[in-house]
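As stored in structure29.cif (mmCIF, C-alpha atoms):
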```
data_work
loop_
_atom_site.label_atom_id
_atom_site.label_comp_id
_atom_site.auth_asym_id
_atom_site.auth_seq_id
_atom_site.Cartn_x
_atom_site.Cartn_y
_atom_site.Cartn_z
CA MET A 289 137.20 114.72 83.72
CA THR A 290 134.86 115.15 86.69
CA THR A 291 136.00 113.78 90.06
CA ILE A 292 133.50 112.62 92.64
CA ASP A 293 134.46 111.70 96.18
CA CYS A 294 132.46 108.71 97.42
CA ARG A 295 134.81 107.79 100.24
CA GLY A 296 132.99 106.99 103.46
CA GLN A 297 129.79 106.16 101.60
CA ALA A 298 128.09 102.79 101.89
CA CYS A 299 126.52 100.98 98.95
CA PRO A 300 124.55 101.72 96.86
CA ALA A 301 125.41 105.44 97.18
CA PRO A 302 128.73 105.30 95.25
CA VAL A 303 127.11 103.48 92.30
CA ILE A 304 124.24 105.96 92.14
CA ALA A 305 126.63 108.91 92.31
CA THR A 306 128.82 107.37 89.60
CA LYS A 307 125.85 106.77 87.30
CA LYS A 308 124.65 110.35 87.75
CA ALA A 309 128.10 111.79 87.16
CA LEU A 310 128.55 109.73 83.98
CA GLU A 311 125.27 111.02 82.58
CA THR A 312 126.54 114.60 82.71
CA SER A 313 130.24 114.02 82.03
CA PRO A 314 130.84 112.63 78.54
CA ASP A 315 134.61 112.68 79.12
CA GLY A 316 134.25 110.19 81.94
CA VAL A 317 134.57 110.45 85.68
CA CYS A 318 137.11 109.75 88.36
CA VAL A 319 135.51 108.12 91.40
CA LEU A 320 137.24 108.05 94.77
CA VAL A 321 135.94 105.10 96.80
CA ASP A 322 136.80 102.93 99.77
CA ASP A 323 138.12 99.45 99.18
CA GLY A 324 135.69 96.53 99.49
CA PRO A 325 132.03 96.56 98.38
CA PRO A 326 132.01 100.22 97.23
CA ARG A 327 134.97 99.66 94.90
CA GLU A 328 133.66 96.27 93.72
CA ASN A 329 130.17 97.58 93.03
CA VAL A 330 131.30 100.65 91.10
CA THR A 331 133.72 98.51 89.08
CA ARG A 332 131.02 95.95 88.31
CA PHE A 333 128.60 98.73 87.35
CA ALA A 334 131.12 100.17 84.88
CA ARG A 335 132.08 96.82 83.37
CA THR A 336 128.49 95.65 82.85
CA ARG A 337 127.88 98.81 80.83
CA GLY A 338 130.89 98.33 78.62
CA LEU A 339 132.83 101.24 80.09
CA THR A 340 136.60 101.33 80.44
CA ILE A 341 137.84 101.39 83.99
CA THR A 342 141.31 101.99 85.39
CA GLU A 343 141.83 101.37 89.08
CA THR A 344 144.57 103.03 91.09
CA ALA A 345 145.18 102.47 94.79
CA ASN A 346 146.17 105.44 96.88
CA ALA A 347 146.67 106.21 100.54
CA SER A 348 143.02 106.99 101.25
CA GLY A 349 141.29 104.39 99.10
CA TRP A 350 140.91 103.79 95.39
CA SER A 351 140.71 106.06 92.41
CA LEU A 352 138.58 104.63 89.59
CA GLN A 353 138.86 106.30 86.19
CA ILE A 354 135.82 105.46 84.10
CA THR A 355 135.51 106.43 80.46
CA GLY A 356 133.00 105.73 77.72
CA SER A 357 129.33 106.49 77.33
CA VAL A 358 126.72 105.00 79.62
CA SER A 359 124.50 102.49 77.90
CA LEU A 360 121.63 101.56 80.12
CA PRO A 361 120.50 97.95 79.81
CA THR A 362 117.27 97.76 77.86
CA SER A 363 114.34 96.56 79.88
CA PRO A 364 112.62 93.40 78.60
CA VAL A 365 109.26 94.78 79.72
CA ALA A 366 107.53 98.00 78.85
CA PRO A 367 107.80 100.74 81.46
CA ALA A 368 104.90 100.96 83.87
CA GLN A 369 102.06 103.01 82.49
CA PRO A 370 99.63 104.90 84.67
CA VAL A 371 96.51 102.83 85.14
CA ASP A 372 93.23 104.35 84.06
CA GLY A 373 90.93 103.30 86.87
CA GLU A 374 91.15 102.18 90.45
CA ARG A 375 94.33 100.55 91.69
CA LEU A 376 93.65 98.12 94.45
CA LEU A 377 96.07 96.50 96.83
CA LEU A 378 94.85 93.22 98.30
CA ILE A 379 96.63 92.23 101.49
CA THR A 380 95.68 88.76 102.63
CA SER A 381 98.26 88.21 105.34
CA ASP A 382 100.19 90.13 107.96
CA ARG A 383 103.31 88.65 106.35
CA LEU A 384 104.86 89.31 102.97
CA GLY A 385 106.13 86.28 101.08
CA GLU A 386 106.81 82.71 102.05
CA GLY A 387 109.48 81.90 104.61
CA ALA A 388 110.22 82.80 108.20
CA ASP A 389 107.21 84.44 109.88
CA GLU A 390 109.38 87.04 111.58
CA LEU A 391 110.92 88.08 108.27
CA GLY A 392 107.53 88.07 106.56
CA ARG A 393 106.10 90.45 109.15
CA LEU A 394 109.13 92.70 108.86
CA LEU A 395 108.82 92.81 105.05
CA MET A 396 105.13 93.69 105.23
CA ARG A 397 105.85 96.51 107.66
CA ASN A 398 108.64 97.74 105.43
CA PHE A 399 106.40 97.60 102.38
CA LEU A 400 103.65 99.68 103.98
CA HIS A 401 106.17 102.17 105.34
CA THR A 402 107.73 102.46 101.90
CA LEU A 403 104.34 103.08 100.26
CA LEU A 404 104.40 106.46 101.98
CA GLU A 405 107.38 107.42 99.86
CA THR A 406 106.25 106.09 96.52
CA ALA A 407 104.89 108.39 93.83
CA GLN A 408 102.29 105.89 92.64
CA ARG A 409 100.03 104.75 95.41
CA PRO A 410 96.99 102.50 95.33
CA ASP A 411 93.54 104.05 95.58
CA ARG A 412 92.33 101.41 97.98
CA ILE A 413 93.85 98.76 100.22
CA LEU A 414 91.76 95.76 101.22
CA PHE A 415 92.86 93.73 104.23
CA LEU A 416 91.70 90.13 104.44
CA ASN A 417 92.44 87.19 106.72
CA SER A 418 95.46 87.93 108.96
CA GLY A 419 96.03 91.09 106.91
CA VAL A 420 93.49 92.74 109.24
CA LEU A 421 96.01 92.42 112.06
CA LEU A 422 97.85 95.30 110.37
CA THR A 423 94.99 97.73 110.98
CA VAL A 424 94.22 97.10 114.66
CA GLN A 425 95.40 98.65 117.90
CA GLY A 426 99.00 97.86 118.71
CA ALA A 427 100.01 97.07 115.12
CA GLU A 428 103.43 98.38 114.13
CA THR A 429 101.93 99.52 110.83
CA LEU A 430 99.38 101.92 112.31
CA GLU A 431 101.44 105.06 111.89
CA ALA A 432 102.09 104.37 108.22
CA LEU A 433 98.50 103.31 107.51
CA THR A 434 97.11 106.37 109.29
CA ALA A 435 99.30 108.57 107.10
CA LEU A 436 98.14 106.70 103.98
CA ALA A 437 94.51 107.12 105.03
CA ALA A 438 95.12 110.83 105.58
CA ALA A 439 96.52 110.96 102.04
CA GLY A 440 93.16 109.77 100.73
CA ILE A 441 93.72 106.04 100.35
CA ASP A 442 90.69 103.99 101.31
CA LEU A 443 91.62 101.31 103.83
CA ALA A 444 89.06 98.56 104.33
CA SER A 445 89.35 95.59 106.67
CA CYS A 446 87.26 92.45 106.35
CA GLY A 447 84.68 92.33 109.15
CA VAL A 448 84.50 88.54 109.24
CA CYS A 449 88.26 88.43 109.63
CA LEU A 450 88.35 91.03 112.43
CA ASP A 451 85.65 89.02 114.19
CA PHE A 452 87.50 85.74 113.70
CA TYR A 453 90.66 87.16 115.23
CA GLN A 454 88.56 88.78 118.00
CA GLN A 455 89.74 92.21 116.93
CA LYS A 456 86.42 93.74 115.88
CA ASP A 457 86.54 96.45 118.54
CA GLN A 458 90.25 97.03 117.98
CA LEU A 459 90.16 98.43 114.44
CA ALA A 460 92.33 101.54 114.61
CA VAL A 461 92.52 102.77 111.03
CA GLY A 462 90.21 102.63 108.03
CA ARG A 463 86.79 101.05 107.92
CA VAL A 464 85.16 97.66 108.10
CA THR A 465 84.04 96.08 104.87
CA ASN A 466 82.14 92.95 103.82
CA MET A 467 82.60 90.35 101.12
CA PHE A 468 80.01 91.91 98.79
CA SER A 469 81.94 95.16 98.62
CA THR A 470 85.23 93.32 98.49
CA ALA A 471 84.12 91.19 95.53
CA GLU A 472 82.68 94.18 93.68
CA GLN A 473 85.78 96.26 94.21
CA LEU A 474 88.10 93.44 93.14
CA LEU A 475 86.14 92.87 89.96
CA SER A 476 85.77 96.52 89.03
CA ALA A 477 89.33 97.62 89.73
CA ALA A 478 91.61 98.40 86.81
CA LEU A 479 94.55 96.89 88.63
CA VAL A 480 94.70 94.48 91.56
CA ILE A 481 97.99 93.72 93.25
CA ARG A 482 97.85 90.91 95.74
CA LEU A 483 100.48 90.71 98.43
CA MET B 31 115.70 117.65 103.32
CA SER B 32 113.99 114.63 104.72
CA ASP B 33 112.64 112.29 102.06
CA HIS B 34 110.77 110.26 104.62
CA TYR B 35 107.29 110.83 105.96
CA LEU B 36 107.99 108.77 109.04
CA VAL B 37 110.98 110.81 110.14
CA ARG B 38 110.41 114.25 111.56
CA GLU B 39 112.52 116.92 113.17
CA GLY B 40 114.03 115.64 116.39
CA HIS B 41 113.85 112.02 115.36
CA CYS B 42 116.96 109.89 115.51
CA LEU B 43 117.61 106.79 113.43
CA ALA B 44 119.83 103.96 114.61
CA VAL B 45 120.83 102.38 111.32
CA PHE B 46 121.74 98.71 111.17
CA ASN B 47 123.52 96.75 108.51
CA SER B 48 122.21 93.45 109.82
CA THR B 49 118.53 92.43 109.79
CA HIS B 50 118.99 90.05 112.71
CA ARG B 51 120.66 92.68 114.85
CA ALA B 52 117.96 95.23 114.03
CA LEU B 53 115.20 92.79 114.98
CA LYS B 54 116.97 91.79 118.17
CA ALA B 55 117.50 95.42 119.16
CA GLU B 56 113.85 96.18 118.42
CA GLY B 57 112.69 93.29 120.63
CA ILE B 58 114.84 94.34 123.56
CA LEU B 59 113.94 98.03 123.42
CA LYS B 60 110.23 97.34 122.95
CA GLY B 61 110.36 94.87 125.81
CA MET B 62 111.65 97.69 127.98
CA GLY B 63 108.78 99.92 126.92
CA LEU B 64 110.82 102.36 124.88
CA PRO B 65 108.92 104.16 122.10
CA ILE B 66 110.74 102.96 119.02
CA LEU B 67 109.65 101.98 115.53
CA LEU B 68 111.58 99.78 113.13
CA ILE B 69 111.35 101.38 109.68
CA PRO B 70 113.06 101.12 106.30
CA ALA B 71 116.12 103.37 106.38
CA PRO B 72 115.49 106.51 104.32
CA ARG B 73 117.19 106.72 100.94
CA ALA B 74 119.34 109.55 102.25
CA LEU B 75 120.97 107.09 104.65
CA ALA B 76 122.55 104.44 102.49
CA THR B 77 122.76 101.15 104.30
CA ASP B 78 123.24 97.50 103.45
CA CYS B 79 120.20 95.94 105.09
CA GLY B 80 118.06 99.05 105.03
CA LEU B 81 116.61 99.01 108.53
CA ALA B 82 116.58 101.73 111.15
CA LEU B 83 115.14 102.12 114.62
CA ARG B 84 113.40 105.46 114.93
CA PHE B 85 113.03 107.30 118.23
CA GLU B 86 112.90 110.81 119.68
CA ASP B 87 116.31 112.29 120.41
CA GLU B 88 115.46 112.55 124.12
CA HIS B 89 115.82 108.75 124.26
CA LEU B 90 119.12 108.69 122.40
CA SER B 91 121.50 108.22 125.31
CA ALA B 92 119.31 105.65 127.07
CA ILE B 93 118.86 103.61 123.92
CA LEU B 94 122.53 103.69 123.01
CA GLN B 95 123.44 102.62 126.52
CA ILE B 96 121.10 99.64 126.33
CA LEU B 97 122.31 98.65 122.87
CA ARG B 98 125.93 98.91 123.95
CA SER B 99 125.28 96.76 127.01
CA ARG B 100 123.79 94.06 124.75
CA ASP B 101 126.52 94.41 122.14
CA LEU B 102 123.91 95.52 119.62
CA GLN B 103 125.40 98.83 118.57
CA PRO B 104 124.03 100.14 115.28
CA ALA B 105 126.25 100.96 112.33
CA TYR B 106 125.60 104.61 113.09
CA VAL B 107 122.98 107.03 114.38
CA SER B 108 121.68 110.01 112.46
CA CYS B 109 119.31 112.64 113.79
CA LEU B 110 117.14 114.91 111.67
CA ARG B 111 117.74 118.54 112.53
CA ASP B 112 116.88 121.54 110.38
CA GLY B 113 115.92 119.18 107.59
CA GLN B 114 119.32 117.50 107.49
CA TYR B 115 120.53 114.19 108.79
CA ASN B 116 123.42 114.70 111.17
CA ARG B 117 125.48 111.69 112.07
CA TYR B 118 125.73 111.33 115.81
CA GLN B 119 128.80 109.18 115.84
CA GLU B 120 130.84 107.70 113.02
CA HIS B 121 131.17 104.07 114.00
CA PHE B 122 130.32 102.10 117.06
CA ASP B 123 132.23 98.98 116.13
CA ASP B 124 133.08 96.87 113.11
CA ASN B 125 130.44 94.26 113.78
CA HIS B 126 127.17 96.06 113.17
#
```

Taking this structure as input, can you express it in the form of structure tokens?
Amino acid sequence: MTTIDCRGQACPAPVIATKKALETSPDGVCVLVDDGPPRENVTRFARTRGLTITETANASGWSLQITGSVSLPTSPVAPAQPVDGERLLLITSDRLGEGADELGRLLMRNFLHTLLETAQRPDRILFLNSGVLLTVQGAETLEALTALAAAGIDLASCGVCLDFYQQKDQLAVGRVTNMFSTAEQLLSAALVIRL
Amino acid sequence: MSDHYLVREGHCLAVFNSTHRALKAEGILKGMGLPILLIPAPRALATDCGLALRFEDEHLSAILQILRSRDLQPAYVSCLRDGQYNRYQEHFDDNH
């Protein structure tokens, strides 16, 4: 039985390490974890997959013996297929989701920063309404958007919107676009994701 | 190796396990003109809330001093050197 030492690791690292170890160790694994969320999460992970788990406390944490074969839950939806055609991201606000404005702005920043790390990126990002505030001087998202532009993603900000927010001369990344182009691109894209 | 385009050699990340504390720390440090950026914590740095303040390591001591004085210590700080994240200090307190 393989032993993995996940002591000192915060979630979700112990669960990910456990899952990986189980995939290559048919005899099961012994996971050393700290008490609290790491132990609870690994235990929950094992139980929800129908695995047998034996927990033993020791001086430096917990030893979890997990046996059985990993059965991944089947997804109710088909896995994402590559889209044949242009993928367009439509950003109509400087905030992501409904709720506190501060949180919405943070989530939008996080989303754009995370896009840099994703394997599947959009071909084009259109910024409308307060979404244009993400592309102007002083925006916290400039570094990420500049890197995305350098990676070949077309960034286009609505000119009417920049003008409305008195930011027309402050555009710092991408280009200005108009509603004709915006409408055409929305209607011809293979996939449009609106944030 | 770094898995994060926004983190380069010499960058340090103050990782928080509380969104409110991360936002508060960001506001204070930005208000003082320090060059920081609040980013999603890289996958290599497992964290509960997933936020990190990024800055150059030359600002490390000043930033930690300010955060300590405001009782806004991060969960931990890691700096990227030679492609590896090195933890600067294990724990600052239990209330990060």

Checklist entry - For the file shown, what are the residues hit by the PyMOL selection byres ((chain A) within 9 of (chain B)), laid out as a ChimeraX atom specification? => result /A:297-301,390-391,394,397-399,401-402,404-405,428,431-432,435

Output C-alpha atoms for every residue in that selection, as a compact mmCIF listing (two decimals), in the frame of the given file.
```
# COMPACT_ATOMS: atom_id res chain seq x y z
CA GLN A 297 129.79 106.16 101.60
CA ALA A 298 128.09 102.79 101.89
CA CYS A 299 126.52 100.98 98.95
CA PRO A 300 124.55 101.72 96.86
CA ALA A 301 125.41 105.44 97.18
CA GLU A 390 109.38 87.04 111.58
CA LEU A 391 110.92 88.08 108.27
CA LEU A 394 109.13 92.70 108.86
CA ARG A 397 105.85 96.51 107.66
CA ASN A 398 108.64 97.74 105.43
CA PHE A 399 106.40 97.60 102.38
CA HIS A 401 106.17 102.17 105.34
CA THR A 402 107.73 102.46 101.90
CA LEU A 404 104.40 106.46 101.98
CA GLU A 405 107.38 107.42 99.86
CA GLU A 428 103.43 98.38 114.13
CA GLU A 431 101.44 105.06 111.89
CA ALA A 432 102.09 104.37 108.22
CA ALA A 435 99.30 108.57 107.10
```

Next on the checklist: Around the point (131.6, 112.6, 92.8) (coordinates from the file), which residues reach within 9 Å if we count only C-alpha atoms? Answer as a count of residues only.
Outcome noted: 14

Checklist entry - Using all atoms listed in the file, which residues sit within 12 Å of region 376-381 of chain A once same-chain residues fewer than 4 positions away are excluded, as a count of residues only? => result 49

Checklist entry - Which distance in Å separates CA of Gly113 (chain B) and CA of His41 (chain B), to one decimal? => result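 The value is 10.8 Å.
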
With all atoms listed in the file as the counted atoms, please give the residues lying no more than 10 Å from region 331-337 of chain A, apart from itself and same-chain residues fewer than 2 positions off, as a short mmCIF file (atom, residue, chain, number, x, y, z; two decimals) with C-alpha atoms, keeping the file's coordinate frame.
```cif
data_model
loop_
_atom_site.label_atom_id
_atom_site.label_comp_id
_atom_site.auth_asym_id
_atom_site.auth_seq_id
_atom_site.Cartn_x
_atom_site.Cartn_y
_atom_site.Cartn_z
CA VAL A 303 127.11 103.48 92.30
CA ILE A 304 124.24 105.96 92.14
CA THR A 306 128.82 107.37 89.60
CA LYS A 307 125.85 106.77 87.30
CA LEU A 310 128.55 109.73 83.98
CA PRO A 325 132.03 96.56 98.38
CA PRO A 326 132.01 100.22 97.23
CA ARG A 327 134.97 99.66 94.90
CA GLU A 328 133.66 96.27 93.72
CA ASN A 329 130.17 97.58 93.03
CA LEU A 339 132.83 101.24 80.09
CA THR A 340 136.60 101.33 80.44
CA ILE A 341 137.84 101.39 83.99
CA THR A 342 141.31 101.99 85.39
CA GLU A 343 141.83 101.37 89.08
CA LEU A 352 138.58 104.63 89.59
CA GLN A 353 138.86 106.30 86.19
CA ILE A 354 135.82 105.46 84.10
CA THR A 355 135.51 106.43 80.46
CA GLY A 356 133.00 105.73 77.72
CA SER A 357 129.33 106.49 77.33
CA VAL A 358 126.72 105.00 79.62
CA SER A 359 124.50 102.49 77.90
CA LEU A 360 121.63 101.56 80.12
CA PRO A 361 120.50 97.95 79.81
#
```

Next on the checklist: At a cut-off of 10 Å, using all atoms listed in the file, what residues contact Leu97 (chain B)? Leave out same-chain residues fewer than 6 positions from it and give the result as a list of chain:residue names.
Outcome noted: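 Residues near the query, excluding close chain neighbours: B:Lys54, B:Ala55, B:Glu56, B:Ile58, B:Leu59, B:Ser91, B:Gln103, B:Pro104.
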
Checklist entry - CA of Gly61 (chain B) and CA of Tyr118 (chain B), how far apart in Å? => result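 We find that CA of Tyr118 (chain B) and CA of Gly61 (chain B) lie 24.6 Å from each other.
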
Next on the checklist: I need the residue nearest Asn346 (chain A) from this list: A:Val330, A:Arg383, A:Arg463, A:Asp323. Use all atoms listed in the file for the distance.
Outcome noted: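 Closest residue, counting all atoms listed in the file: A:Asp323.
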
Checklist entry - Using only C-alpha atoms, which of A:Gln425, A:Ser313, A:Thr344, A:Thr406 sits nearest Gln455 (chain A)? => result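 Counting only C-alpha atoms, the residue closest to Gln455 (chain A) is A:Gln425.
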